[in-house]
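S.K.: Sending over final01.csv (CSV, C-alpha atoms and all ligand atoms).
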chain,number,residue,atom,x,y,z
U,1,MET,CA,205.4,50.5,25.8
U,2,LYS,CA,206.8,48.7,22.8
U,3,ASN,CA,209.1,45.8,23.4
U,4,VAL,CA,212.6,46.5,22.2
U,5,ILE,CA,215.3,44.5,20.4
U,6,LEU,CA,218.4,46.6,21.0
U,7,ILE,CA,221.2,46.4,18.4
U,8,ALA,CA,224.3,48.4,18.8
U,9,PRO,CA,228.0,48.4,17.7
U,10,PRO,CA,230.6,48.4,20.5
U,11,ALA,CA,231.0,51.8,22.2
U,12,ALA,CA,227.5,53.0,21.2
U,13,GLY,CA,226.4,53.3,24.8
U,14,LYS,CA,224.0,50.4,24.7
U,15,GLY,CA,224.4,49.7,28.5
U,16,THR,CA,223.5,53.3,29.4
U,17,GLN,CA,220.4,53.3,27.2
U,18,SER,CA,219.1,50.0,28.4
U,19,GLU,CA,219.6,51.1,32.0
U,20,LEU,CA,217.5,54.2,31.3
U,21,LEU,CA,214.7,52.0,29.8
U,22,VAL,CA,214.8,49.8,32.9
U,23,ASN,CA,214.9,52.5,35.5
U,24,LYS,CA,212.5,55.0,33.8
U,25,PHE,CA,210.0,52.8,32.1
U,26,GLY,CA,210.1,49.5,34.0
U,27,TYR,CA,211.5,47.3,31.2
U,28,VAL,CA,212.8,43.9,31.9
U,29,HIS,CA,216.3,43.6,30.6
U,30,ILE,CA,217.0,40.3,28.9
U,31,SER,CA,220.7,39.7,28.1
U,32,MET,CA,221.8,36.4,26.6
U,33,GLY,CA,224.8,36.1,29.0
U,34,ASP,CA,222.5,36.6,32.1
U,35,LEU,CA,220.0,34.1,30.7
U,36,LEU,CA,222.6,31.5,30.3
U,37,ARG,CA,223.9,32.0,33.9
U,38,GLU,CA,220.4,32.0,35.3
U,39,VAL,CA,219.4,28.8,33.7
U,40,VAL,CA,222.6,27.0,34.6
U,41,ALA,CA,222.2,28.2,38.2
U,42,SER,CA,218.6,26.9,38.3
U,43,GLY,CA,219.8,23.3,37.9
U,44,SER,CA,216.8,22.5,35.6
U,45,GLU,CA,217.1,19.9,32.9
U,46,LEU,CA,217.8,22.6,30.3
U,47,GLY,CA,220.3,24.2,32.7
U,48,LEU,CA,222.2,21.0,33.1
U,49,LYS,CA,222.3,20.4,29.3
U,50,ILE,CA,223.6,23.9,28.8
U,51,LYS,CA,226.2,23.6,31.6
U,52,LYS,CA,227.5,20.5,29.8
U,53,ILE,CA,227.9,22.4,26.6
U,54,ILE,CA,229.6,25.4,28.2
U,55,ASP,CA,231.9,23.2,30.3
U,56,SER,CA,233.0,21.4,27.1
U,57,GLY,CA,234.0,24.7,25.7
U,58,ALA,CA,231.4,24.6,22.9
U,59,LEU,CA,229.0,27.3,22.0
U,60,VAL,CA,225.3,27.1,22.9
U,61,ASP,CA,223.6,26.6,19.5
U,62,ASP,CA,220.8,28.7,18.0
U,63,ASP,CA,218.0,26.3,18.9
U,64,LEU,CA,218.8,26.2,22.6
U,65,THR,CA,219.3,29.9,22.6
U,66,ILE,CA,215.9,30.4,21.1
U,67,GLU,CA,214.4,28.0,23.7
U,68,LEU,CA,215.9,30.0,26.5
U,69,ILE,CA,214.5,33.3,25.2
U,70,ARG,CA,211.1,31.7,24.6
U,71,ASN,CA,211.0,30.3,28.2
U,72,LYS,CA,212.0,33.7,29.6
U,73,LEU,CA,209.4,35.6,27.6
U,74,LYS,CA,206.7,33.3,29.0
U,75,THR,CA,207.5,34.4,32.5
U,76,LEU,CA,207.0,38.1,31.8
U,77,ASN,CA,203.3,38.5,32.1
U,78,GLY,CA,203.0,41.4,29.8
U,79,GLN,CA,205.9,43.4,31.2
U,80,PRO,CA,207.8,45.2,28.5
U,81,PHE,CA,211.2,43.8,27.7
U,82,ILE,CA,214.5,44.7,26.0
U,83,VAL,CA,216.4,42.0,24.3
U,84,ASP,CA,220.1,42.8,24.3
U,85,GLY,CA,222.9,40.8,22.5
U,86,PHE,CA,220.4,38.8,20.5
U,87,PRO,CA,219.7,37.9,17.7
U,88,ARG,CA,223.3,37.5,16.5
U,89,THR,CA,222.5,35.7,13.3
U,90,PHE,CA,220.0,35.9,10.5
U,91,TYR,CA,218.7,32.4,11.5
U,92,GLN,CA,218.2,33.6,15.1
U,93,ALA,CA,216.4,36.7,13.9
U,94,GLN,CA,214.0,34.6,11.8
U,95,ALA,CA,213.4,32.0,14.6
U,96,PHE,CA,212.9,34.8,17.1
U,97,ALA,CA,210.3,36.4,14.9
U,98,GLN,CA,208.5,33.1,14.9
U,99,VAL,CA,208.6,32.8,18.7
U,100,LEU,CA,207.2,36.3,19.1
U,101,GLU,CA,204.4,35.4,16.7
U,102,GLU,CA,203.7,32.2,18.6
U,103,LEU,CA,203.5,34.2,21.8
U,104,ASN,CA,201.2,36.8,20.2
U,105,ILE,CA,203.8,39.6,20.7
U,106,ASP,CA,203.6,41.9,17.8
U,107,ASN,CA,204.2,45.1,19.7
U,108,TYR,CA,208.0,45.4,19.3
U,109,VAL,CA,210.6,47.4,17.5
U,110,ALA,CA,214.3,46.8,16.6
U,111,ILE,CA,216.3,49.8,17.6
U,112,LEU,CA,219.7,50.2,16.0
U,113,LEU,CA,222.0,52.6,17.8
U,114,ASN,CA,223.9,54.0,14.9
U,115,LEU,CA,227.5,55.0,15.3
U,116,SER,CA,230.0,55.1,12.5
U,117,LYS,CA,233.3,53.2,12.8
U,118,GLU,CA,235.2,56.5,12.8
U,119,ASP,CA,233.1,57.9,15.7
U,120,ALA,CA,233.2,54.6,17.6
U,121,VAL,CA,237.0,54.5,17.3
U,122,LYS,CA,237.2,58.1,18.6
U,123,ARG,CA,235.2,57.1,21.7
U,124,ILE,CA,237.7,54.4,22.5
U,125,ALA,CA,240.9,56.1,21.4
U,126,GLY,CA,240.1,59.3,23.2
U,127,ARG,CA,239.2,57.7,26.5
U,128,LEU,CA,241.3,58.6,29.5
U,129,ILE,CA,240.8,57.6,33.1
U,130,CYS,CA,241.9,58.7,36.5
U,131,LYS,CA,242.8,56.5,39.5
U,132,CYS,CA,240.0,58.4,41.3
U,133,GLY,CA,237.5,56.8,39.0
U,134,LYS,CA,236.6,59.8,36.8
U,135,SER,CA,236.8,59.3,33.0
U,136,TYR,CA,237.4,61.7,30.2
U,137,ASN,CA,237.4,61.8,26.4
U,138,ILE,CA,239.8,64.1,24.6
U,139,TYR,CA,237.6,64.0,21.4
U,140,ASP,CA,234.4,65.1,23.2
U,141,GLU,CA,234.2,68.8,24.3
U,142,ALA,CA,231.9,67.9,27.1
U,143,LEU,CA,234.2,65.2,28.5
U,144,LYS,CA,237.6,66.8,28.0
U,145,PRO,CA,239.7,67.5,31.1
U,146,LYS,CA,240.2,71.3,31.7
U,147,VAL,CA,244.0,70.9,31.7
U,148,GLU,CA,245.4,68.4,29.2
U,149,GLY,CA,246.3,65.1,30.9
U,150,VAL,CA,245.2,66.2,34.4
U,151,CYS,CA,242.1,65.2,36.4
U,152,ASP,CA,239.7,68.0,37.1
U,153,LYS,CA,238.6,66.4,40.3
U,154,CYS,CA,241.8,65.4,42.0
U,155,GLY,CA,244.7,66.7,39.9
U,156,ALA,CA,246.3,63.3,39.2
U,157,SER,CA,247.7,62.4,35.8
U,158,LEU,CA,245.3,60.7,33.4
U,159,VAL,CA,246.0,57.4,31.8
U,160,LYS,CA,244.7,55.3,28.9
U,161,ARG,CA,242.8,52.2,29.9
U,162,ASP,CA,244.6,48.9,29.1
U,163,ASP,CA,241.7,47.4,27.3
U,164,ASP,CA,241.4,50.4,25.0
U,165,ASN,CA,243.3,48.8,22.3
U,166,VAL,CA,242.3,50.5,19.1
U,167,ASP,CA,243.2,47.8,16.7
U,168,SER,CA,241.3,45.1,18.4
U,169,PHE,CA,238.4,47.5,18.8
U,170,LYS,CA,238.4,48.1,15.0
U,171,THR,CA,238.2,44.4,14.5
U,172,ARG,CA,235.4,44.0,16.9
U,173,TYR,CA,233.5,46.8,15.2
U,174,GLU,CA,234.0,45.2,11.7
U,175,VAL,CA,232.8,41.8,12.9
U,176,PHE,CA,229.7,43.5,14.3
U,177,GLU,CA,229.1,45.3,11.0
U,178,THR,CA,229.4,42.1,9.0
U,179,ASN,CA,227.1,40.1,11.3
U,180,ILE,CA,224.5,42.7,11.7
U,181,ALA,CA,223.9,43.6,8.1
U,182,PRO,CA,221.5,40.7,7.3
U,183,ILE,CA,219.7,41.2,10.7
U,184,LYS,CA,219.3,44.8,10.0
U,185,ASN,CA,217.8,44.0,6.6
U,186,PHE,CA,215.5,41.5,8.1
U,187,TYR,CA,214.0,44.0,10.6
U,188,GLU,CA,213.8,46.6,7.9
U,189,GLU,CA,211.7,44.3,5.7
U,190,GLN,CA,209.5,43.6,8.6
U,191,GLY,CA,208.9,47.3,9.1
U,192,LYS,CA,210.3,47.0,12.6
U,193,LEU,CA,213.6,48.8,12.3
U,194,VAL,CA,214.3,52.2,13.8
U,195,VAL,CA,217.8,53.7,13.4
U,196,ILE,CA,218.8,56.2,16.1
U,197,ASP,CA,222.0,58.2,15.6
U,198,VAL,CA,224.0,58.1,18.9
U,199,ASN,CA,226.8,60.6,18.0
U,200,ARG,CA,225.0,63.1,20.3
U,201,ALA,CA,224.3,63.8,23.9
U,202,ILE,CA,222.9,60.9,26.0
U,203,GLU,CA,219.7,62.9,26.9
U,204,GLU,CA,218.9,63.5,23.2
U,205,ILE,CA,219.3,59.9,22.4
U,206,ALA,CA,217.2,58.9,25.4
U,207,SER,CA,214.4,61.2,24.4
U,208,ASP,CA,214.4,59.9,20.8
U,209,ILE,CA,214.2,56.3,22.2
U,210,ALA,CA,211.4,57.4,24.5
U,211,ARG,CA,209.4,58.6,21.5
U,212,VAL,CA,209.9,55.4,19.6
U,213,ILE,CA,208.8,53.1,22.4
U,214,LYS,CA,205.6,54.9,23.1
U,215,ASN,CA,202.6,53.1,21.6
U,216,ASP,CA,200.7,55.1,19.0
U,301,ZN,ZN,241.0,62.1,39.5
Step by step, read the file and then write its structure as structure tokens.
Ligand SMILES: [Zn+2]
M.R.:
Amino acid sequence: MKNVILIAPPAAGKGTQSELLVNKFGYVHISMGDLLREVVASGSELGLKIKKIIDSGALVDDDLTIELIRNKLKTLNGQPFIVDGFPRTFYQAQAFAQVLEELNIDNYVAILLNLSKEDAVKRIAGRLICKCGKSYNIYDEALKPKVEGVCDKCGASLVKRDDDNVDSFKTRYEVFETNIAPIKNFYEEQGKLVVIDVNRAIEEIASDIARVIKND
């Protein structure tokens, strides 16, 4: 299995796809948020240093972030990994490539889950939920309720989620687009970038990813 750097705009289904990789292929999922929590909880010297930074309200800088990832990768013993939510900057991408080289890890691919802003917005704007927990999307034939505004499962009225604020979502998407452009170019130049279109059924996306991660 190839190691994976997973890059995706909001609403692209990154969580679903990484879960599949973990459950089906035994990947270790490395998310920056989890790593930070782990190291702080460990009480190590590095953990205490990071706790201080977080407590002061500052952001953990690039060099510490890289150090965290490097330490984590050293514990994997050859298990394939997915890195999620990292790199976030061009500098991080470059430094990460150096870490991988240093650890003799060349067997990796950067997978970009590609979803246009328009389609991403549809996923958010069309989302409806029921109090029973079932969710729907009015812009997706497969996820539409049978009767408009009514839950198929329990018959209750469907509502929009509070956090589905379309304007703030658009801003989030635009920030992602701006930040990701140099990172995308970086992996493209390295011959490591694979773009997978995610405006399709989850199974189709998963089978494309499965093809990409297989070693030749
Ligand atoms: Zn319901």
S.K.: Separation of CA of Leu48 in chain U and CA of Leu36 in chain U, in Å?
M.R.: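 Pair CA of Leu48 in chain U / CA of Leu36 in chain U returns 10.9 Å.
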S.K.: Calculated over all atoms listed in the file, which of the candidates U:Leu59, U:Ala181, U:Cys151, U:Val195 has the smallest distance to ligand ZN 301 (chain U)?
M.R.: U:Cys151
S.K.: Just want the residues within 9 Å of ligand ZN 301 (chain U), written as a ChimeraX atom specification, counting all atoms listed in the file.
M.R.: /U:129-135,150-158
S.K.: Could you check which residues have any atom within 10 Å of (202.2, 32.3, 24.4), counting all atoms listed in the file with coordinates taken straight from the file, and then list them as a JSON list (two decimals) with C-alpha atoms, in the coordinates of the input?
M.R.:
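Contents of point_21.json, freshly written:
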[["chain", "number", "residue", "atom", "x", "y", "z"],
["U", 70, "ARG", "CA", 211.10, 31.70, 24.60],
["U", 71, "ASN", "CA", 211.00, 30.30, 28.20],
["U", 73, "LEU", "CA", 209.40, 35.60, 27.60],
["U", 74, "LYS", "CA", 206.70, 33.30, 29.00],
["U", 75, "THR", "CA", 207.50, 34.40, 32.50],
["U", 77, "ASN", "CA", 203.30, 38.50, 32.10],
["U", 99, "VAL", "CA", 208.60, 32.80, 18.70],
["U", 100, "LEU", "CA", 207.20, 36.30, 19.10],
["U", 101, "GLU", "CA", 204.40, 35.40, 16.70],
["U", 102, "GLU", "CA", 203.70, 32.20, 18.60],
["U", 103, "LEU", "CA", 203.50, 34.20, 21.80],
["U", 104, "ASN", "CA", 201.20, 36.80, 20.20],
["U", 105, "ILE", "CA", 203.80, 39.60, 20.70]]
S.K.: Provide the CA of Phe176 in chain U to CA of Arg88 in chain U distance in Å, to one decimal place.
M.R.: 9.0 Å
S.K.: Which residues are close to Arg127 in chain U, i.e. within 9 Å by all atoms listed in the file, leaving aside same-chain residues fewer than 3 positions away? Reply as an MDAnalysis selection string.
M.R.: chainID U and resid 122:124 135:139 159:161 164
S.K.: Quick one: residues within 8 Å of range 18-27 of chain U, only C-alpha atoms, excluding same-chain residues fewer than 6 positions away - as a compact mmCIF listing (two decimals) with C-alpha atoms, in the coordinates of the input?
M.R.:
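Output (around-v9.txt):
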# COMPACT_ATOMS: atom_id res chain seq x y z
CA GLN U 79 205.90 43.40 31.20
CA PRO U 80 207.80 45.20 28.50
CA PHE U 81 211.20 43.80 27.70
CA ILE U 82 214.50 44.70 26.00
CA ALA U 206 217.20 58.90 25.40
S.K.: Mind pulling up the distance from CA of Gly126 in chain U to CA of Asp140 in chain U?
M.R.: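 These two atoms are separated by 8.1 Å.
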S.K.: Which is closer to Tyr187 in chain U than all the others in U:Leu6, U:Ile53, U:Leu68, U:Val109, using only C-alpha atoms?
M.R.: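 Residue with the minimum atom-to-atom distance to Tyr187 in chain U: U:Val109.
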S.K.: Find the residues with any atom within 12 Å of (207.4, 42.1, 9.1); use all atoms listed in the file and the coordinates as given in the file, and write the answer as number ranges by chain.
M.R.: U: 93-94, 97-98, 100-101, 106-110, 185-193
S.K.: Just to be explicit: take each residue in the selection above, keep C-alpha atoms, and write the result as a short mmCIF file (atom, residue, chain, number, x, y, z; two decimals), keeping the file's coordinate frame.
M.R.:
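Dumped everything to again_35.cif:
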data_model
loop_
_atom_site.label_atom_id
_atom_site.label_comp_id
_atom_site.auth_asym_id
_atom_site.auth_seq_id
_atom_site.Cartn_x
_atom_site.Cartn_y
_atom_site.Cartn_z
CA ALA U 93 216.40 36.70 13.90
CA GLN U 94 214.00 34.60 11.80
CA ALA U 97 210.30 36.40 14.90
CA GLN U 98 208.50 33.10 14.90
CA LEU U 100 207.20 36.30 19.10
CA GLU U 101 204.40 35.40 16.70
CA ASP U 106 203.60 41.90 17.80
CA ASN U 107 204.20 45.10 19.70
CA TYR U 108 208.00 45.40 19.30
CA VAL U 109 210.60 47.40 17.50
CA ALA U 110 214.30 46.80 16.60
CA ASN U 185 217.80 44.00 6.60
CA PHE U 186 215.50 41.50 8.10
CA TYR U 187 214.00 44.00 10.60
CA GLU U 188 213.80 46.60 7.90
CA GLU U 189 211.70 44.30 5.70
CA GLN U 190 209.50 43.60 8.60
CA GLY U 191 208.90 47.30 9.10
CA LYS U 192 210.30 47.00 12.60
CA LEU U 193 213.60 48.80 12.30
#
